[in-house]
Amino acid sequence: AISESALASFVEGQYDLNFELLKAAEEQIEGQNAMISTFSIQMALGMTWGGAAGNTADEMKNVLHFGSNTHDALNKLEALVMSKNEPADNSEYNKHDAVEIKSSNNLYFSTKKYTWATAWLDLLAENYGAGLEEIDFAADPEKARKYINSVVEKDTNSRIKNLIPEKGITAATMSVITNALFFKAPWDDEIKKDGHISFNNLDGNKKELDKLYASNNFKYMKGDSFAAVSLPLYNKSFEVLFVVPDAGSFSTIANKLNGSLVSNIFSSLSNKKEVYVELPPFTFDTSLSLSAPLKSLGMVEAFDMTGKANFSLMTKEKNLLYIDEIYHKTFVGLDEKGVEAAAATAVVSNEGAIDGETDEPEIISIIIDRPFFFAIYEKESKTPLFVGRVLNPAN
């Protein structure tokens with residue numbers, strides 16, 4: 001129950017958060033390929049925000065681009081994305097691999113000290129389909145960590161392993177909220193792999209890499225200091241958007257990218273008579289701790305262990321809960337067969353100790369031979385499942 005305009009506004013905010021977090025996490029990803037899934041992050045933190053109140057809730061709302069319709073928006077987007085699963089077809093004339101999408105939400109909680117509020121648990125069940133499981137973290141923190149990681153690994157087809165690192169769960173852990181996201185789809189048009197492409201890294205070095213190429217009436221636009229092209233995945237339910245800064249303009253475009261610019265790109269993309277695309281295949285993973293990036297963006301109080309964090313809607317009793325850390329891992333592989341990607345987010349809450357777009361030629365060529373940005377998105381809503389940058393496809 002959410003209007004199209006409200007949903008579009010929420011999706012624009014998802015892109016905002018993706019690029020804000022990429023910038024805020026630069027210390028952790030400097031000089032590296034990197035990818036973030038705000039779809040996964042917002043799922044996990046949407047559930048957490050549902051239990052927050054006061055200034056803690058306000059800070060989370062502002063930084064995470066949430067609003068009064070957040071739970072409805074996330075519910076609708078997850079249902080929309082999940083509805084696009086497509087079984088494999090091995091018939092003679094229509095052979096294709098399956099389009100697989102999985103998103104699972106879970107709350108693991110201890111009842112040793114608190115009685116968890118029914119209204120909050122109902123919110124998680126009704127809006128996020130969250131599985132609820134009781135765990136005695138204090139009895140064996142390492143066993144609990146390994147168990148939660150094993151569920152995430154299974155739900156991401158083994159692409160996300162060891163989400164929560166050693167000592168990421170302690171005897172003080174009261175709850176862990178997770179989202180696990182898996183996506184795999186073949187291309188809608190034939191992508192060929194042959195020859196090499198000379199990729200120019202930001203440092204001026206060149207690397208000869210395998211070349212993927214295709215030619216079709218792809219959606220394309222030329223903007224100020226960048227070009228964008230969108231390649232459809234099977235059945236055109238999902239697409240991969242490539243934003244390619246002009247030579248020497250990577251930093252300029254990196255600083256300009258936000259939800260408004262992405263919305264403008266989507267509205268400016270148009271099907272051309274023929275677009276020829278070359279790009280390298282790439283595979284990489286990203287591991288992030290999100291507490292510092294989120295604090296730098298203004299979400300401070302939720303991490304305060306001295307009694308300022310307010311998660312009073314989570315339990316029936318007054319509590320000292322605060323977010324200890326938010327772990328986020330992603331994986332992406334793109335080649336001539338298609339795209340596979342996964343993400344997982346874990347919000348670990350502990351108990352504190354103190355209360356309180358020119359004219360163009362007939363055939364357009366876009367050669368992606370330099371660092372670029374990409375987004376894997378659901379076509380109907382433009383929801384970004386994954387957003388990232390590729391600085392060096394060889395890494």
# chains A, B, ... in the order shown; residues from 1 in each chain; ligands from 1
>>> select_by_dssp(residues="region 149-387 of chain A", states="helix (DSSP H, G or I)", output="PyMOL selection string")
chain A and resi 149-155+234-236+250-256+259-268+291-296+301-303
>>> residues_around(residues="Ala53 (chain A)", least_positions_apart="4", cutoff="8 Å", atoms="only C-alpha atoms", output="PyMOL selection string")
chain A and resi 57-58+310-313
>>> write_last_selection(atoms="N, CA, C and O atoms", output="PDB file, in the first residue's frame")
ATOM      1  N   ALA A  57      15.949   7.084  16.455  1.00  0.00           N
ATOM      2  CA  ALA A  57      15.129   6.787  15.280  1.00  0.00           C
ATOM      3  C   ALA A  57      15.226   7.901  14.246  1.00  0.00           C
ATOM      4  O   ALA A  57      15.292   7.635  13.039  1.00  0.00           O
ATOM      5  N   ASP A  58      15.261   9.160  14.708  1.00  0.00           N
ATOM      6  CA  ASP A  58      15.349  10.300  13.786  1.00  0.00           C
ATOM      7  C   ASP A  58      16.662  10.301  13.015  1.00  0.00           C
ATOM      8  O   ASP A  58      16.694  10.548  11.802  1.00  0.00           O
ATOM      9  N   ASN A 310      18.467   4.520  21.820  1.00  0.00           N
ATOM     10  CA  ASN A 310      17.086   4.291  22.243  1.00  0.00           C
ATOM     11  C   ASN A 310      16.415   3.261  21.340  1.00  0.00           C
ATOM     12  O   ASN A 310      15.917   3.583  20.265  1.00  0.00           O
ATOM     13  N   PHE A 311      16.429   2.023  21.781  1.00  0.00           N
ATOM     14  CA  PHE A 311      15.729   0.939  21.091  1.00  0.00           C
ATOM     15  C   PHE A 311      14.635   0.402  22.003  1.00  0.00           C
ATOM     16  O   PHE A 311      14.445  -0.811  22.161  1.00  0.00           O
ATOM     17  N   SER A 312      13.916   1.333  22.572  1.00  0.00           N
ATOM     18  CA  SER A 312      12.909   0.995  23.575  1.00  0.00           C
ATOM     19  C   SER A 312      11.709   0.257  23.014  1.00  0.00           C
ATOM     20  O   SER A 312      10.935  -0.340  23.781  1.00  0.00           O
ATOM     21  N   LEU A 313      11.507   0.310  21.657  1.00  0.00           N
ATOM     22  CA  LEU A 313      10.357  -0.396  21.083  1.00  0.00           C
ATOM     23  C   LEU A 313      10.645  -1.868  20.842  1.00  0.00           C
ATOM     24  O   LEU A 313       9.765  -2.617  20.425  1.00  0.00           O
TER      25      LEU A 313
END
>>> residues_around(residues="region 161-168 of chain A", least_positions_apart="2", cutoff="9 Å", atoms="only C-alpha atoms", output="list in words")
Pro141, Glu142, Arg145, Lys146, Ile148, Asn149, Ser150, Val152, Glu153, Lys154, Thr156, Ser158, Arg159, Thr170, Ser287, Asp324, Glu325, Ile326, Tyr327, His328, Lys329, Ala344, Thr345, Ala346 and Val348 of chain A
>>> closest_residue(among="A:Val229, A:Ala138, A:Leu321, A:Leu385", to="Ala52 (chain A)", atoms="only C-alpha atoms")
A:Leu321
